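The structure appears below as structure tokens.
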Amino acid sequence: MLSDADIVVLSLLAEQPLHGYDLDRVIEQRGYRQWTSLAFSSVYYVLKRLAERGLVEPDEGSTGRRTVFRVTGTGHSELSKAADERVLAPAPPTAGVLPALNAYARLDEPELVAALAQRAEALLERLDELRRLRAQVDEEHALAIFDYEILRQEADLAWTRSLLKESRH
């Protein structure tokens with residue numbers, strides 16, 4: 001099974017062969033770090049792991065530190081299969097705040113109200129950042145990813161605000 005990081009790296013290499021530094025630059029430019037844990041150092045780890053599985057290989061004549069990788073036929077097949085599975089299966093909500101609500105006996109507890117107010121502010125900041133990053137990309141699929149994440153964060157903000165409103169009554 002491919003991880004989110006595997007799918008990102010494979011999909012970028014499917015667009016064009018790249019070396020690790022360029023992969024990292026595209027990941028940063030498109031804001032993929034907003035929703036996946038692909039640190040600079042992990043890009044090379046993912047490339048190594050994908051190469052060991054036969055999903056990517058060095059481009060012809062490419063060696064050393066600036067090795068350019070491309071997706072193999074098997075890599076294309078695995079990417080297609082993993083992408084289809086992810087698109088077809090709605091993702092469950094992440095745990096985060098949901099189980100944390102159980103730690104409070106009531107929604108109007110002052111500690112929870114204060115935490116929810118801070119959450120709303122953090123969500124507003126996150127939305128501003130996502131919108132700023134979205135304005136810097138023009139790739140259709142990257143825009144779609146940003147639109148999805150912005151809508152998700154807006155829904156979270158609406159939910160948080162509704163809890164705040166209810167807790168104040």
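Identifiers in the structure tokens: chain A, B, ... in order shown; residue index from 1 per chain; ligand index from 1 in order shown.
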
Stretch 35-118 of chain A near stretch 160-164 of chain A within 8 Å: what's each residue's closest atom pair and its distance in Å to one decimal, counting only C-alpha atoms, ordered by chain then ascending residue number, as a Markdown table?
```
| residue | atom | partner | partner_atom | distance |
| --- | --- | --- | --- | --- |
| A:Leu107 | CA | A:Leu163 | CA | 7.5 |
| A:Val113 | CA | A:Leu164 | CA | 6.3 |
| A:Leu116 | CA | A:Thr160 | CA | 6.4 |
| A:Ala117 | CA | A:Leu164 | CA | 7.2 |
```

**Request:** Please provide as a ChimeraX atom specification all residues within 12 Å of A:Tyr32, with the sequence filter that same-chain residues fewer than 3 positions apart are discarded (counting only C-alpha atoms).
**Result:** /A:4-5,7-9,12,23-29,35-40,130,133-134,137,141-146,149

**Request:** List every residue of chain A that DSSP, applied to the backbone of this structure, places in strand (DSSP E), and write the result as an NGL selection string.
**Result:** :A and (18-19 or 56-58 or 68-71)

May I have the residues from that selection written out with all heavy atoms, as a PDB file, in the first residue's frame?
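Full text of part.pdb as output:
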```pdb
ATOM      1  N   LEU A  18      12.407  14.113 -11.976  1.00  0.00           N
ATOM      2  CA  LEU A  18      12.984  15.158 -11.125  1.00  0.00           C
ATOM      3  C   LEU A  18      13.998  14.551 -10.178  1.00  0.00           C
ATOM      4  O   LEU A  18      13.957  13.351  -9.898  1.00  0.00           O
ATOM      5  CB  LEU A  18      11.894  15.840 -10.287  1.00  0.00           C
ATOM      6  CG  LEU A  18      10.787  16.594 -11.009  1.00  0.00           C
ATOM      7  CD1 LEU A  18       9.634  16.875 -10.060  1.00  0.00           C
ATOM      8  CD2 LEU A  18      11.330  17.886 -11.581  1.00  0.00           C
ATOM      9  N   HIS A  19      14.874  15.393  -9.628  1.00  0.00           N
ATOM     10  CA  HIS A  19      15.735  14.938  -8.535  1.00  0.00           C
ATOM     11  C   HIS A  19      15.137  15.437  -7.223  1.00  0.00           C
ATOM     12  O   HIS A  19      14.184  16.225  -7.211  1.00  0.00           O
ATOM     13  CB  HIS A  19      17.195  15.354  -8.728  1.00  0.00           C
ATOM     14  CG  HIS A  19      17.432  16.823  -8.827  1.00  0.00           C
ATOM     15  ND1 HIS A  19      17.420  17.661  -7.743  1.00  0.00           N
ATOM     16  CD2 HIS A  19      17.700  17.590  -9.901  1.00  0.00           C
ATOM     17  CE1 HIS A  19      17.659  18.887  -8.146  1.00  0.00           C
ATOM     18  NE2 HIS A  19      17.836  18.886  -9.448  1.00  0.00           N
ATOM     19  N   VAL A  56      10.206   3.537  -8.848  1.00  0.00           N
ATOM     20  CA  VAL A  56      10.940   4.610  -9.522  1.00  0.00           C
ATOM     21  C   VAL A  56      12.339   4.089  -9.821  1.00  0.00           C
ATOM     22  O   VAL A  56      12.798   3.120  -9.200  1.00  0.00           O
ATOM     23  CB  VAL A  56      11.028   5.920  -8.683  1.00  0.00           C
ATOM     24  CG1 VAL A  56       9.649   6.463  -8.360  1.00  0.00           C
ATOM     25  CG2 VAL A  56      11.847   5.726  -7.420  1.00  0.00           C
ATOM     26  N   GLU A  57      12.997   4.760 -10.762  1.00  0.00           N
ATOM     27  CA  GLU A  57      14.367   4.387 -11.106  1.00  0.00           C
ATOM     28  C   GLU A  57      15.096   5.638 -11.573  1.00  0.00           C
ATOM     29  O   GLU A  57      14.461   6.606 -12.004  1.00  0.00           O
ATOM     30  CB  GLU A  57      14.379   3.311 -12.185  1.00  0.00           C
ATOM     31  CG  GLU A  57      13.768   3.750 -13.496  1.00  0.00           C
ATOM     32  CD  GLU A  57      13.607   2.617 -14.492  1.00  0.00           C
ATOM     33  OE1 GLU A  57      13.873   1.450 -14.133  1.00  0.00           O
ATOM     34  OE2 GLU A  57      13.201   2.904 -15.628  1.00  0.00           O
ATOM     35  N   PRO A  58      16.428   5.596 -11.504  1.00  0.00           N
ATOM     36  CA  PRO A  58      17.187   6.741 -12.012  1.00  0.00           C
ATOM     37  C   PRO A  58      16.945   6.922 -13.508  1.00  0.00           C
ATOM     38  O   PRO A  58      16.830   5.941 -14.249  1.00  0.00           O
ATOM     39  CB  PRO A  58      18.645   6.374 -11.743  1.00  0.00           C
ATOM     40  CG  PRO A  58      18.579   5.341 -10.667  1.00  0.00           C
ATOM     41  CD  PRO A  58      17.295   4.593 -10.889  1.00  0.00           C
ATOM     42  N   VAL A  68      18.321  12.057 -11.052  1.00  0.00           N
ATOM     43  CA  VAL A  68      16.963  12.351 -11.487  1.00  0.00           C
ATOM     44  C   VAL A  68      16.211  11.025 -11.537  1.00  0.00           C
ATOM     45  O   VAL A  68      16.703  10.047 -12.099  1.00  0.00           O
ATOM     46  CB  VAL A  68      16.967  13.044 -12.868  1.00  0.00           C
ATOM     47  CG1 VAL A  68      15.555  13.209 -13.396  1.00  0.00           C
ATOM     48  CG2 VAL A  68      17.671  14.393 -12.776  1.00  0.00           C
ATOM     49  N   PHE A  69      15.022  10.997 -10.931  1.00  0.00           N
ATOM     50  CA  PHE A  69      14.224   9.774 -10.899  1.00  0.00           C
ATOM     51  C   PHE A  69      13.019   9.897 -11.813  1.00  0.00           C
ATOM     52  O   PHE A  69      12.485  10.981 -12.018  1.00  0.00           O
ATOM     53  CB  PHE A  69      13.746   9.490  -9.471  1.00  0.00           C
ATOM     54  CG  PHE A  69      14.839   9.021  -8.566  1.00  0.00           C
ATOM     55  CD1 PHE A  69      15.591   9.929  -7.841  1.00  0.00           C
ATOM     56  CD2 PHE A  69      15.125   7.669  -8.448  1.00  0.00           C
ATOM     57  CE1 PHE A  69      16.608   9.506  -7.002  1.00  0.00           C
ATOM     58  CE2 PHE A  69      16.146   7.232  -7.611  1.00  0.00           C
ATOM     59  CZ  PHE A  69      16.889   8.152  -6.890  1.00  0.00           C
ATOM     60  N   ARG A  70      12.599   8.744 -12.327  1.00  0.00           N
ATOM     61  CA  ARG A  70      11.380   8.674 -13.123  1.00  0.00           C
ATOM     62  C   ARG A  70      10.564   7.474 -12.650  1.00  0.00           C
ATOM     63  O   ARG A  70      11.101   6.541 -12.033  1.00  0.00           O
ATOM     64  CB  ARG A  70      11.699   8.589 -14.602  1.00  0.00           C
ATOM     65  CG  ARG A  70      12.424   7.343 -15.022  1.00  0.00           C
ATOM     66  CD  ARG A  70      12.747   7.408 -16.525  1.00  0.00           C
ATOM     67  NE  ARG A  70      13.585   6.301 -16.904  1.00  0.00           N
ATOM     68  CZ  ARG A  70      13.124   5.155 -17.380  1.00  0.00           C
ATOM     69  NH1 ARG A  70      11.842   4.964 -17.541  1.00  0.00           N
ATOM     70  NH2 ARG A  70      13.971   4.198 -17.697  1.00  0.00           N
ATOM     71  N   VAL A  71       9.290   7.494 -12.943  1.00  0.00           N
ATOM     72  CA  VAL A  71       8.387   6.422 -12.523  1.00  0.00           C
ATOM     73  C   VAL A  71       8.512   5.255 -13.497  1.00  0.00           C
ATOM     74  O   VAL A  71       8.568   5.456 -14.717  1.00  0.00           O
ATOM     75  CB  VAL A  71       6.921   6.927 -12.479  1.00  0.00           C
ATOM     76  CG1 VAL A  71       5.976   5.830 -12.043  1.00  0.00           C
ATOM     77  CG2 VAL A  71       6.798   8.128 -11.556  1.00  0.00           C
TER      78      VAL A  71
END
```

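Using only C-alpha atoms, the contacts of A:Trp159 at a cut-off of 12 Å, with sequence neighbours closer than 3 positions omitted, comprise Val97, Leu98, Leu116, Ala117, Arg119, Ala120, Leu123, Arg152, Gln153, Glu154, Ala155, Asp156, Ser162, Leu163, Leu164, Lys165 and Glu166 of chain A.
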
Would you please give, as a short mmCIF file (atom, residue, chain, number, x, y, z; two decimals) with N, CA and C atoms, in the first residue's frame, all residues of stretch 26-165 of chain A that DSSP assigns to alpha helix (DSSP H) based on the backbone?
```
data_model
loop_
_atom_site.label_atom_id
_atom_site.label_comp_id
_atom_site.auth_asym_id
_atom_site.auth_seq_id
_atom_site.Cartn_x
_atom_site.Cartn_y
_atom_site.Cartn_z
N VAL A 26 8.91 21.70 -5.59
CA VAL A 26 7.54 21.62 -6.09
C VAL A 26 6.57 21.34 -4.93
N ILE A 27 6.95 20.47 -4.03
CA ILE A 27 6.12 20.16 -2.86
C ILE A 27 5.87 21.44 -2.06
N GLU A 28 6.90 22.22 -1.88
CA GLU A 28 6.78 23.49 -1.15
C GLU A 28 5.92 24.49 -1.92
N GLN A 29 6.18 24.65 -3.21
CA GLN A 29 5.45 25.62 -4.02
C GLN A 29 3.95 25.32 -4.08
N PHE A 40 11.81 17.96 3.96
CA PHE A 40 12.86 17.90 2.95
C PHE A 40 13.63 16.59 3.03
N SER A 41 14.05 16.21 4.22
CA SER A 41 14.86 15.00 4.36
C SER A 41 14.06 13.74 4.02
N SER A 42 12.75 13.77 4.23
CA SER A 42 11.96 12.57 3.95
C SER A 42 11.73 12.35 2.46
N VAL A 43 11.91 13.39 1.64
CA VAL A 43 11.78 13.21 0.19
C VAL A 43 12.79 12.17 -0.30
N TYR A 44 14.02 12.26 0.19
CA TYR A 44 15.06 11.32 -0.23
C TYR A 44 14.78 9.92 0.32
N TYR A 45 14.24 9.85 1.51
CA TYR A 45 13.88 8.56 2.09
C TYR A 45 12.78 7.91 1.24
N VAL A 46 11.78 8.69 0.87
CA VAL A 46 10.68 8.16 0.05
C VAL A 46 11.22 7.70 -1.30
N LEU A 47 12.09 8.50 -1.92
CA LEU A 47 12.68 8.10 -3.20
C LEU A 47 13.42 6.77 -3.08
N LYS A 48 14.20 6.63 -2.03
CA LYS A 48 14.96 5.39 -1.81
C LYS A 48 14.01 4.20 -1.65
N ARG A 49 12.98 4.39 -0.84
CA ARG A 49 12.01 3.32 -0.59
C ARG A 49 11.27 2.94 -1.88
N LEU A 50 10.87 3.94 -2.66
CA LEU A 50 10.17 3.67 -3.92
C LEU A 50 11.09 2.97 -4.91
N ALA A 51 12.36 3.35 -4.93
CA ALA A 51 13.33 2.71 -5.82
C ALA A 51 13.53 1.24 -5.42
N GLU A 52 13.62 0.98 -4.12
CA GLU A 52 13.78 -0.40 -3.64
C GLU A 52 12.59 -1.27 -4.02
N GLY A 73 7.03 1.50 -15.05
CA GLY A 73 5.71 1.00 -15.43
C GLY A 73 4.94 0.49 -14.22
N THR A 74 5.64 -0.24 -13.36
CA THR A 74 5.02 -0.74 -12.12
C THR A 74 4.60 0.43 -11.24
N GLY A 75 5.44 1.47 -11.19
CA GLY A 75 5.11 2.66 -10.40
C GLY A 75 3.85 3.34 -10.90
N HIS A 76 3.71 3.45 -12.22
CA HIS A 76 2.49 4.04 -12.79
C HIS A 76 1.26 3.22 -12.41
N SER A 77 1.39 1.89 -12.50
CA SER A 77 0.26 1.01 -12.14
C SER A 77 -0.12 1.15 -10.68
N GLU A 78 0.89 1.12 -9.80
CA GLU A 78 0.64 1.25 -8.36
C GLU A 78 0.03 2.62 -8.01
N LEU A 79 0.54 3.66 -8.66
CA LEU A 79 0.01 5.00 -8.43
C LEU A 79 -1.45 5.08 -8.86
N SER A 80 -1.75 4.56 -10.01
CA SER A 80 -3.13 4.59 -10.51
C SER A 80 -4.07 3.84 -9.58
N LYS A 81 -3.64 2.66 -9.13
CA LYS A 81 -4.45 1.85 -8.22
C LYS A 81 -4.66 2.57 -6.89
N ALA A 82 -3.60 3.12 -6.32
CA ALA A 82 -3.69 3.81 -5.03
C ALA A 82 -4.55 5.08 -5.15
N ALA A 83 -4.39 5.81 -6.25
CA ALA A 83 -5.17 7.03 -6.45
C ALA A 83 -6.65 6.69 -6.56
N ASP A 84 -6.98 5.65 -7.32
CA ASP A 84 -8.39 5.24 -7.45
C ASP A 84 -8.98 4.86 -6.09
N GLU A 85 -8.22 4.09 -5.30
CA GLU A 85 -8.70 3.68 -3.98
C GLU A 85 -8.97 4.90 -3.10
N ARG A 86 -8.08 5.88 -3.12
CA ARG A 86 -8.23 7.07 -2.28
C ARG A 86 -9.40 7.94 -2.72
N VAL A 87 -9.59 8.06 -4.03
CA VAL A 87 -10.68 8.89 -4.54
C VAL A 87 -12.03 8.24 -4.21
N LEU A 88 -12.09 6.93 -4.29
CA LEU A 88 -13.36 6.22 -4.08
C LEU A 88 -13.76 6.10 -2.61
N VAL A 97 -9.89 16.96 17.57
CA VAL A 97 -10.82 17.63 18.48
C VAL A 97 -11.98 16.73 18.90
N LEU A 98 -12.36 15.77 18.10
CA LEU A 98 -13.56 14.99 18.39
C LEU A 98 -13.48 14.24 19.72
N PRO A 99 -12.46 13.42 19.95
CA PRO A 99 -12.40 12.76 21.26
C PRO A 99 -12.08 13.73 22.39
N ALA A 100 -11.42 14.84 22.07
CA ALA A 100 -11.07 15.81 23.11
C ALA A 100 -12.32 16.42 23.74
N PRO A 110 -15.73 26.88 31.05
CA PRO A 110 -14.89 28.02 30.64
C PRO A 110 -13.61 27.62 29.92
N GLU A 111 -12.98 26.52 30.34
CA GLU A 111 -11.75 26.08 29.68
C GLU A 111 -12.02 25.67 28.23
N LEU A 112 -13.14 24.98 28.01
CA LEU A 112 -13.50 24.57 26.65
C LEU A 112 -13.86 25.78 25.80
N VAL A 113 -14.62 26.70 26.35
CA VAL A 113 -15.00 27.90 25.61
C VAL A 113 -13.75 28.68 25.19
N ALA A 114 -12.81 28.81 26.10
CA ALA A 114 -11.55 29.52 25.78
C ALA A 114 -10.77 28.77 24.70
N ALA A 115 -10.71 27.46 24.81
CA ALA A 115 -9.98 26.66 23.83
C ALA A 115 -10.66 26.75 22.46
N LEU A 116 -11.98 26.72 22.43
CA LEU A 116 -12.70 26.83 21.16
C LEU A 116 -12.49 28.20 20.52
N ALA A 117 -12.44 29.25 21.33
CA ALA A 117 -12.18 30.59 20.80
C ALA A 117 -10.78 30.65 20.19
N GLN A 118 -9.80 30.04 20.85
CA GLN A 118 -8.44 29.98 20.30
C GLN A 118 -8.41 29.15 19.02
N ARG A 119 -9.18 28.07 19.02
CA ARG A 119 -9.26 27.22 17.82
C ARG A 119 -9.81 28.01 16.64
N ALA A 120 -10.85 28.79 16.88
CA ALA A 120 -11.45 29.60 15.81
C ALA A 120 -10.42 30.57 15.25
N GLU A 121 -9.64 31.20 16.11
CA GLU A 121 -8.59 32.12 15.65
C GLU A 121 -7.53 31.39 14.84
N ALA A 122 -7.14 30.23 15.31
CA ALA A 122 -6.13 29.44 14.59
C ALA A 122 -6.66 29.00 13.22
N LEU A 123 -7.93 28.65 13.16
CA LEU A 123 -8.52 28.26 11.88
C LEU A 123 -8.56 29.44 10.91
N LEU A 124 -8.87 30.63 11.43
CA LEU A 124 -8.86 31.82 10.57
C LEU A 124 -7.45 32.07 10.02
N GLU A 125 -6.44 31.92 10.86
CA GLU A 125 -5.06 32.09 10.41
C GLU A 125 -4.69 31.04 9.37
N ARG A 126 -5.11 29.82 9.61
CA ARG A 126 -4.83 28.73 8.66
C ARG A 126 -5.51 29.00 7.32
N LEU A 127 -6.74 29.48 7.37
CA LEU A 127 -7.45 29.81 6.13
C LEU A 127 -6.74 30.92 5.36
N ASP A 128 -6.28 31.93 6.06
CA ASP A 128 -5.53 33.01 5.41
C ASP A 128 -4.29 32.45 4.72
N GLU A 129 -3.57 31.57 5.42
CA GLU A 129 -2.35 30.98 4.86
C GLU A 129 -2.67 30.12 3.63
N LEU A 130 -3.72 29.31 3.72
CA LEU A 130 -4.10 28.48 2.58
C LEU A 130 -4.49 29.32 1.37
N ARG A 131 -5.22 30.37 1.61
CA ARG A 131 -5.62 31.26 0.50
C ARG A 131 -4.41 31.95 -0.11
N ARG A 132 -3.46 32.34 0.73
CA ARG A 132 -2.22 32.96 0.23
C ARG A 132 -1.44 31.98 -0.63
N LEU A 133 -1.30 30.76 -0.16
CA LEU A 133 -0.59 29.74 -0.92
C LEU A 133 -1.33 29.38 -2.21
N ARG A 134 -2.65 29.31 -2.15
CA ARG A 134 -3.44 28.99 -3.34
C ARG A 134 -3.21 30.01 -4.44
N GLU A 140 -3.83 22.93 -12.12
CA GLU A 140 -5.23 22.61 -11.88
C GLU A 140 -5.44 21.69 -10.68
N HIS A 141 -4.64 20.63 -10.58
CA HIS A 141 -4.82 19.68 -9.48
C HIS A 141 -4.40 20.31 -8.14
N ALA A 142 -3.38 21.16 -8.15
CA ALA A 142 -2.98 21.83 -6.90
C ALA A 142 -4.09 22.78 -6.45
N LEU A 143 -4.72 23.48 -7.39
CA LEU A 143 -5.84 24.36 -7.04
C LEU A 143 -6.99 23.55 -6.45
N ALA A 144 -7.26 22.40 -7.03
CA ALA A 144 -8.34 21.54 -6.51
C ALA A 144 -8.03 21.08 -5.08
N ILE A 145 -6.78 20.77 -4.82
CA ILE A 145 -6.37 20.35 -3.47
C ILE A 145 -6.57 21.50 -2.48
N PHE A 146 -6.12 22.68 -2.87
CA PHE A 146 -6.31 23.84 -2.00
C PHE A 146 -7.79 24.12 -1.77
N ASP A 147 -8.61 24.04 -2.83
CA ASP A 147 -10.04 24.29 -2.68
C ASP A 147 -10.67 23.31 -1.69
N TYR A 148 -10.28 22.04 -1.79
CA TYR A 148 -10.79 21.03 -0.87
C TYR A 148 -10.40 21.37 0.58
N GLU A 149 -9.14 21.68 0.78
CA GLU A 149 -8.66 21.96 2.14
C GLU A 149 -9.28 23.24 2.68
N ILE A 150 -9.45 24.24 1.84
CA ILE A 150 -10.09 25.49 2.29
C ILE A 150 -11.54 25.22 2.71
N LEU A 151 -12.26 24.44 1.92
CA LEU A 151 -13.64 24.10 2.28
C LEU A 151 -13.70 23.31 3.58
N ARG A 152 -12.76 22.38 3.75
CA ARG A 152 -12.69 21.60 5.00
C ARG A 152 -12.45 22.49 6.21
N GLN A 153 -11.51 23.41 6.07
CA GLN A 153 -11.20 24.32 7.17
C GLN A 153 -12.36 25.28 7.44
N GLU A 154 -13.04 25.73 6.38
CA GLU A 154 -14.22 26.59 6.57
C GLU A 154 -15.33 25.85 7.31
N ALA A 155 -15.51 24.57 6.98
CA ALA A 155 -16.51 23.75 7.68
C ALA A 155 -16.12 23.58 9.14
N ASP A 156 -14.84 23.35 9.40
CA ASP A 156 -14.36 23.22 10.78
C ASP A 156 -14.59 24.52 11.55
N LEU A 157 -14.32 25.65 10.90
CA LEU A 157 -14.54 26.95 11.54
C LEU A 157 -16.03 27.16 11.84
N ALA A 158 -16.90 26.82 10.90
CA ALA A 158 -18.35 26.95 11.13
C ALA A 158 -18.79 26.07 12.29
N TRP A 159 -18.27 24.85 12.35
CA TRP A 159 -18.62 23.93 13.43
C TRP A 159 -18.12 24.48 14.77
N THR A 160 -16.88 24.96 14.79
CA THR A 160 -16.30 25.52 16.02
C THR A 160 -17.12 26.72 16.49
N ARG A 161 -17.48 27.59 15.56
CA ARG A 161 -18.29 28.77 15.92
C ARG A 161 -19.67 28.36 16.43
N SER A 162 -20.25 27.30 15.86
CA SER A 162 -21.56 26.86 16.34
C SER A 162 -21.46 26.31 17.77
N LEU A 163 -20.36 25.61 18.07
CA LEU A 163 -20.15 25.14 19.45
C LEU A 163 -19.99 26.32 20.40
N LEU A 164 -19.24 27.32 19.97
CA LEU A 164 -19.06 28.52 20.80
C LEU A 164 -20.41 29.20 21.05
N LYS A 165 -21.19 29.34 20.02
CA LYS A 165 -22.50 29.98 20.16
C LYS A 165 -23.39 29.19 21.11
#
```

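When atom CA of A:Glu15 is paired with atom CA of A:Gly54, their separation reads 17.9 Å.
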
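Shortest atom-to-atom contact with A:Gly20 among A:Arg66, A:Gly61, A:Ser167, A:Leu2: A:Arg66, counting only C-alpha atoms.
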
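With atom CA of A:Asp108 on one side and atom CA of A:His169 on the other, the separation reads 8.3 Å.
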